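Asker: Please find one structure pasted underneath; my questions will follow.
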Amino acid sequence: MARTALFGSSLVKKYWMALTGLFLITFLVVHAGVNAMIFWNDGGVTFNMVAHFFGTNIFIRTMEIVLFLGLIAHVVDGLMLWRQNRAARPVKYAMEKGSASRSWYSASMGILGTLILLFLIVHLWHFWVKSRGIVGSLDELPLDPEGQENLFALMVQTFENPIVVVIYVLGCFSLFWHLLHGFKSAFQSLGLNHKRYNPIIAAFGVVFSIIVPTLFALMPVSMYFGWIQ
Amino acid sequence: MSTLDSKIPPGPIDKKWTDHKGHIRIVAPSNKRRIDIIVVGTGLAGGAAAASLAEMGYNVKAFCFQDSARRAHSIAAQGGINAAKNYQNDGDSTYRLFYDTVKGGDYRSREANVYRLAEVSANIIDQCVAQGVPFARDYGGLLDNRSFGGVQVSRTFYARGQTGQQLLLGAYSALMRQVGKGTVQMFDRHEMLDVVVVDGKARGIIARNLITGEIERHGAHAVLLCTGGYGNVFFLSTNAMGSNVTAAWKAHKRGAYFGNPCYTQIHPTCIPVSGTHQSKLTLMSESLRNDGRIWVPKNIEDAKAIREGKKKGSDIPEADRDYYLERRYPAFGNLVPRDVASRAAKERCDAGFGVNKTGEAVYLDFSAAIQRYGKQQANMQKVENASPEQIRELGTAVVSEKYGNLFDMYENIVGEDPYKHAMKIYPAVHYTMGGLWVDYNLQTTVPGLFCLGEANFSDHGANRLGASALMQGLADGYFVIPYTVGDYLADDIRTGPIDTMRPEFDAAEKEQKDRIHHFLNNKGTKPVDDFHRRLGKVMWDKCGMARNAQGLQEAIVEIRRIREEFWKYVRVPGTANEFNQELEKAGRVADFIELGELMCMDALNRNESCGGHFREESQELDGPQQGEAKRDDENYAYVAAWEWLGEAGKANLHKEHLEFNEVKLTQRSYK
Amino acid sequence: MGNMKLNLKIWRQNGSNDKGSIKDYPVNDVSEDMSFLEMLDVLNDDLVRKGEDPIAFDHDCREGICGMCSLFINGRPHGPERHITTCQLHMRKFKDGDTIYVEPWRAEAFPVVKDLVVDRGAFDRIQAAGGFVSVNTMGNLVDANAMPVRKADADKAFDAAACIGCGACVAACPNGSAMLFVSAKVSQYALLPQGRPEARERALNMVQQMDAEKFGNCSNIGACEIECPKDISLENIARLNREYLGATLSRE
């Protein structure tokens, strides 16, 4: 296969966008699933157990590298598309009624993606670098009642700050809009469009876009308000 | 007097074309590379010809004034394309298509050409299907047919209401394939301004690059004009805004005879003129006459009240309506041929029965069809005791299914719901049967100058049948010219490239530059359209649906005055070296004015009524056919081919006598 | 007859090298029966009489089929109505006193020629790269009915073939993408047995040319479908995506 065929054309860029996007979506499911363990409301015991398993499993750790690569590919590919798309319309309209023919979020994937990326940096700084012992470490926190590393405590501590909570909620909002278009868009990019199944994909996309970000947003909110302890 | 040689091959009519192809000279593949051909116009005829000739190995240069070859006005044809395939097993044959076309043309076309057209018609469908043209199909996956006016078989192939578009895009895709290969050089946004004749042969053209304004010289061993009809001489017509006669007219001025210029087809079902701002007229497909009934009020007071807005069409009770086509032509009713339907509408409106503000409109009413279909549906859907509203609703749904897109278009333009109020329609100029005179090989009287499609005069006589224009354009382009041009070019294999620095090119270029210079420095006061509108009105009033000697003589005087004033008072803004649409229009209108005069001269000369040409002096005075057109076969069974004599209004008439060996001349009757 | 007053804001640009700007043209006596282009005709007539340069705009058939008219009217290609071209838009859709912006299609691949006229030659070049079935003119092809085509496929092919190449899709797309145009052509041929043999090469070649013309990338926004005067479906873009993916993966 020619190199240009893999990287060059606008369509191949879209395939990568869709594939990496769907891959990141699967990560979201896992991530949301793991973190939802806090809702057992058992002082983080279950959550810490699962988190520990995921943090030490060799397969998961390998996938983490793939995940980062996927994220970087998604971001870089997105930036390339964004740059080309801007260049394709160098002169703007004096008067443009975009609302008549498109949703604002479908035409703002670049901005939404950038917001999510900024949020991710903050988020990684809060949790990932510490849990992996890159800057600081979980050792600074007391162990949980079962004697496990206490990632849960780090969450509780982090979400004591209302500004952080607001940032997380906004991040989840960006994710919601990004997914609302991105989910079904990925299918279309891969050519998966069929009159019979389109409504199902669309409906599933909407439900997914609502449930996952809501679940994520509920975490800092419920911790801040002390619904989970 | 005549110098015309139509070069019809000898032999029985069904062998002529095959024998001719077998005997004419051809150019060997290696020599085709040394030959350049210019094709002007990229509609069905031009697009098909340019693609086919390039495939054969010639170097082709194709020109169009639009921004892309795909926009030629063939694209607007709605109904369909005829072909003698006999897929419906209803007795169709090459002979029957030939016969229908000659009869439909009111016996004023050349038998040999028409037979060839019918002969190659079936190939056209094969070719287009192979190109991926999405014709309508039935549930078995085979091609579908519909019937059209003036014939008794179903031989019309169609692609919804956009047959012209689909066929043109087929030809355009073939053309673009050659452009991609480099065998065709495409010059879009280029307008041909003159033919260059060297030693009696067409050797190139002068063209203007419409973006930069540059005047360019292009040399070639043969020039093909595929530039369409000249209906826009009437200002208002169903033609595209840019459709013009310039290429054909300039060829005429360089020695090509103009055949039957007065033969104009007026289509009966168009949306009427709404005001002085009107720029063009829109056709409503002939198919509407299958279900619509045409009428005007019986009483002149009712018509007056409608015009004044005091009454509506729906206020007129059934008994007070005059379904004049059904009354006059009981056998064919609303489905009489185009020329007959148009004249009948004009007759009623002239008598004061018109139903819009201008008095020039008749009703095309679907209420009866809505009732009929509604009751049918109510029965089929087992609706018991259906209310009138229910029936209306059910019937409207059926009509919408059949003609929805046309009804929508009507509502867009007129702003009135045609499901509720009867449509208003009036005839409009649609097609010109006349054009450059060509022989059997499609060559004009200038050697090396060929003319294809609507631009030539050849196949439709005095009236064209529906769905035959597309057939002719593609037949000429795909299946006639690729053979016949070779016979001419066989002499040119040693000629070498045409030198465009010759004095003939200098002179032609200078002439065009001088003309442009005149327009831009004229210091006039009136826009080009002023003159075009005036010309159109004279043509429509006096050389339109009905003509008489006095009117035509007056028209000639008036057109001369318009011409003089045009050159004196026209104002063309801008400069020569830029995109200048007013300048484009000025050149086209100058040619239309000269053509208009020739059309009137031709109409005056032809003191008979035939097809689209109706001379009031020549109608049946009594008997059952009273008021109908009357042909004069004894004196006028000829093609009038006019030779330019150096200035507008001076032309020499040459006659090509038409011989009818296969078809017996009779009067067309639709009573 | 005229009864509307309008304030037109029209893009004027004297040639491709000029910078261009919006200029105001108040017009009176606009009749609601006029088409939008006829309204511009009347304005131009007036400008010529006053010795000013008339506004250049593309138009030809004025029946909504040739695809030559363009115009971005009040923020939308072909104006506020759906499923019609500018030439079919009539003034009764506007109100007395309205301000109307009129701009050319905006895309890097569609440079302005003059005023409202743009160069859409890129579409022709894309077509020349593969928008055809490679069949020469022949007098002895197989009979048209030798190969039946499923009616559903023939109908879908027609839906795609209805594209008039006006460029509204590109004008509407915030990315300036030509995917709807390209996919309509690819789909028409991909759906018909006559076009199948070269379907893969066609998809590859047309997309390559599309990219070379500097059109933007499709991000499935869908504005093109909404603004298309011929209602060309996004389904076609998905089909092109499929065709191209298959072609890329199977390329040797």
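Every chain in the structure tokens takes a letter, A first, then B, and so on in the order presented; its residues are numbered from 1, and the ligands are numbered from 1 following the presented order.
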Using only C-alpha atoms, which residues sit within 6 Å of range 206-220 of chain A once same-chain residues fewer than 2 positions away are excluded, as an MDAnalysis selection string?
Answerer: chainID A and resid 159 165 169 172 176 179:180 203:204 222:224
Asker: Would you export the selected residues with N, CA and C atoms as a PDB file, in the first residue's frame, please?
Answerer:
```pdb
ATOM      1  N   PHE A 159     -11.618  17.304  44.507  1.00  0.00           N
ATOM      2  CA  PHE A 159     -12.927  17.912  44.249  1.00  0.00           C
ATOM      3  C   PHE A 159     -13.462  18.718  45.423  1.00  0.00           C
ATOM      4  N   VAL A 165     -14.257  21.653  40.270  1.00  0.00           N
ATOM      5  CA  VAL A 165     -15.526  21.002  39.939  1.00  0.00           C
ATOM      6  C   VAL A 165     -16.145  21.660  38.705  1.00  0.00           C
ATOM      7  N   VAL A 169     -17.032  19.958  35.119  1.00  0.00           N
ATOM      8  CA  VAL A 169     -18.383  19.944  34.544  1.00  0.00           C
ATOM      9  C   VAL A 169     -18.343  20.536  33.134  1.00  0.00           C
ATOM     10  N   CYS A 172     -16.976  18.095  30.787  1.00  0.00           N
ATOM     11  CA  CYS A 172     -17.957  17.075  30.417  1.00  0.00           C
ATOM     12  C   CYS A 172     -18.951  17.613  29.405  1.00  0.00           C
ATOM     13  N   PHE A 176     -19.777  16.161  25.834  1.00  0.00           N
ATOM     14  CA  PHE A 176     -21.140  15.857  25.388  1.00  0.00           C
ATOM     15  C   PHE A 176     -21.365  16.350  23.954  1.00  0.00           C
ATOM     16  N   LEU A 179     -19.223  14.456  21.433  1.00  0.00           N
ATOM     17  CA  LEU A 179     -19.728  13.105  21.159  1.00  0.00           C
ATOM     18  C   LEU A 179     -21.007  13.127  20.349  1.00  0.00           C
ATOM     19  N   LEU A 180     -21.817  14.143  20.626  1.00  0.00           N
ATOM     20  CA  LEU A 180     -23.123  14.215  19.971  1.00  0.00           C
ATOM     21  C   LEU A 180     -22.944  14.208  18.449  1.00  0.00           C
ATOM     22  N   ALA A 203     -29.797   7.412  17.443  1.00  0.00           N
ATOM     23  CA  ALA A 203     -30.399   7.383  18.777  1.00  0.00           C
ATOM     24  C   ALA A 203     -29.386   6.888  19.806  1.00  0.00           C
ATOM     25  N   PHE A 204     -28.665   5.854  19.443  1.00  0.00           N
ATOM     26  CA  PHE A 204     -27.669   5.323  20.363  1.00  0.00           C
ATOM     27  C   PHE A 204     -26.603   6.384  20.662  1.00  0.00           C
ATOM     28  N   SER A 222     -20.903  15.054  42.937  1.00  0.00           N
ATOM     29  CA  SER A 222     -21.364  14.360  44.148  1.00  0.00           C
ATOM     30  C   SER A 222     -20.305  14.357  45.237  1.00  0.00           C
ATOM     31  N   MET A 223     -19.049  14.387  44.831  1.00  0.00           N
ATOM     32  CA  MET A 223     -18.016  14.439  45.868  1.00  0.00           C
ATOM     33  C   MET A 223     -17.987  15.794  46.529  1.00  0.00           C
ATOM     34  N   TYR A 224     -18.153  16.820  45.701  1.00  0.00           N
ATOM     35  CA  TYR A 224     -18.111  18.171  46.246  1.00  0.00           C
ATOM     36  C   TYR A 224     -19.238  18.361  47.247  1.00  0.00           C
TER      37      TYR A 224
END
```
Asker: Identify, on the basis of only C-alpha atoms, every residue whose closest approach to Asp42 in chain A does not exceed 12 Å; exclude the query and any residue fewer than 2 positions from it along the same chain; express the result as an MDAnalysis selection string.
Answerer: chainID A and resid 37:40 44:49 144:146 152 227:229
Asker: Once you have the residues from the selection above, write them out as a PDB file, in the first residue's frame, restricted to N, CA and C atoms.
Answerer:
```pdb
ATOM      1  N   MET A  37     -17.440   3.020  40.049  1.00  0.00           N
ATOM      2  CA  MET A  37     -17.348   2.225  41.280  1.00  0.00           C
ATOM      3  C   MET A  37     -17.440   3.104  42.522  1.00  0.00           C
ATOM      4  N   ILE A  38     -17.133   4.381  42.365  1.00  0.00           N
ATOM      5  CA  ILE A  38     -17.219   5.270  43.545  1.00  0.00           C
ATOM      6  C   ILE A  38     -18.648   5.350  44.043  1.00  0.00           C
ATOM      7  N   PHE A  39     -19.613   5.069  43.103  1.00  0.00           N
ATOM      8  CA  PHE A  39     -21.012   5.201  43.517  1.00  0.00           C
ATOM      9  C   PHE A  39     -21.471   4.049  44.415  1.00  0.00           C
ATOM     10  N   TRP A  40     -20.590   3.053  44.638  1.00  0.00           N
ATOM     11  CA  TRP A  40     -20.906   2.049  45.677  1.00  0.00           C
ATOM     12  C   TRP A  40     -21.009   2.745  47.031  1.00  0.00           C
ATOM     13  N   GLY A  44     -14.747   4.154  48.873  1.00  0.00           N
ATOM     14  CA  GLY A  44     -13.764   3.994  47.799  1.00  0.00           C
ATOM     15  C   GLY A  44     -13.089   2.648  47.763  1.00  0.00           C
ATOM     16  N   VAL A  45     -13.561   1.701  48.581  1.00  0.00           N
ATOM     17  CA  VAL A  45     -12.880   0.413  48.645  1.00  0.00           C
ATOM     18  C   VAL A  45     -12.949  -0.323  47.297  1.00  0.00           C
ATOM     19  N   THR A  46     -14.175  -0.445  46.776  1.00  0.00           N
ATOM     20  CA  THR A  46     -14.347  -1.146  45.505  1.00  0.00           C
ATOM     21  C   THR A  46     -13.585  -0.432  44.405  1.00  0.00           C
ATOM     22  N   PHE A  47     -13.776   0.881  44.406  1.00  0.00           N
ATOM     23  CA  PHE A  47     -13.128   1.665  43.375  1.00  0.00           C
ATOM     24  C   PHE A  47     -11.610   1.494  43.411  1.00  0.00           C
ATOM     25  N   ASN A  48     -11.052   1.597  44.578  1.00  0.00           N
ATOM     26  CA  ASN A  48      -9.600   1.479  44.715  1.00  0.00           C
ATOM     27  C   ASN A  48      -9.102   0.107  44.270  1.00  0.00           C
ATOM     28  N   MET A  49      -9.932  -0.892  44.524  1.00  0.00           N
ATOM     29  CA  MET A  49      -9.537  -2.229  44.136  1.00  0.00           C
ATOM     30  C   MET A  49      -9.451  -2.350  42.608  1.00  0.00           C
ATOM     31  N   ASP A 144      -6.607   3.108  52.196  1.00  0.00           N
ATOM     32  CA  ASP A 144      -8.035   3.006  52.512  1.00  0.00           C
ATOM     33  C   ASP A 144      -8.271   1.901  53.548  1.00  0.00           C
ATOM     34  N   PRO A 145      -9.519   1.746  54.027  1.00  0.00           N
ATOM     35  CA  PRO A 145      -9.759   0.770  55.105  1.00  0.00           C
ATOM     36  C   PRO A 145      -9.278  -0.628  54.764  1.00  0.00           C
ATOM     37  N   GLU A 146      -9.224  -0.980  53.503  1.00  0.00           N
ATOM     38  CA  GLU A 146      -8.774  -2.317  53.117  1.00  0.00           C
ATOM     39  C   GLU A 146      -7.268  -2.354  52.892  1.00  0.00           C
ATOM     40  N   PHE A 152      -9.128   7.035  45.579  1.00  0.00           N
ATOM     41  CA  PHE A 152     -10.397   7.640  45.964  1.00  0.00           C
ATOM     42  C   PHE A 152     -10.168   8.889  46.805  1.00  0.00           C
ATOM     43  N   TRP A 227     -22.150  13.825  48.626  1.00  0.00           N
ATOM     44  CA  TRP A 227     -23.072  12.697  48.482  1.00  0.00           C
ATOM     45  C   TRP A 227     -22.308  11.390  48.542  1.00  0.00           C
ATOM     46  N   ILE A 228     -21.080  11.476  48.198  1.00  0.00           N
ATOM     47  CA  ILE A 228     -20.233  10.289  48.289  1.00  0.00           C
ATOM     48  C   ILE A 228     -19.105  10.603  49.245  1.00  0.00           C
ATOM     49  N   GLN A 229     -18.868   9.671  50.112  1.00  0.00           N
ATOM     50  CA  GLN A 229     -17.799   9.938  51.075  1.00  0.00           C
ATOM     51  C   GLN A 229     -16.837   8.769  51.173  1.00  0.00           C
TER      52      GLN A 229
END
```
Asker: Would you pick out the contacts of Ala222 in chain B at 9 Å or less, using only C-alpha atoms, so that residues sharing its chain but fewer than 3 positions from it are not included, and give the list as a PyMOL selection string?
Answerer: chain B and resi 35-39+201-204+219+447-450+485+488-489
Asker: Taking 5 positions as the minimum chain separation for residues in the same chain, which residues sit within 10 Å of Phe579 in chain B when counting only C-alpha atoms? Answer as a list in words.
Answerer: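 Counting only C-alpha atoms, the residues come to Arg189, Asn209, Leu210, Ile211, Thr212, Gly213, Gly574 and Glu584 of chain B; Asn14, Gly15, Ala56, Val113, Lys114, Asp115 and Val117 of chain C.
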Asker: Here is a test: counting only C-alpha atoms, which residue of B:Ala629, B:Cys451, B:Met545, B:Ala247 is nearest to Ala45 in chain B?
Answerer: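 That would be B:Cys451, the residue with the smallest distance to Ala45 in chain B.
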Asker: For the interface of range 34-90 of chain C with range 385-405 of chain B (cut-off 12 Å, counting only C-alpha atoms), please tabulate each contacting residue of range 34-90 of chain C alongside its nearest pair of atoms and their separation in Å to one decimal, rows sorted by chain and increasing number, as a tab-separated table.
Answerer:
```
residue	atom	partner	partner_atom	distance
C:Gly64	CA	B:Asn405	CA	11.8
C:His83	CA	B:Asn405	CA	10.7
C:Ile84	CA	B:Asn405	CA	11.1
```
Asker: Give me, please, the distance in Å between CA of Ala256 in chain B and CA of Asn239 in chain B, quoted to one decimal.
Answerer: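 Computed distance, CA of Ala256 in chain B to CA of Asn239 in chain B, equals 23.7 Å.
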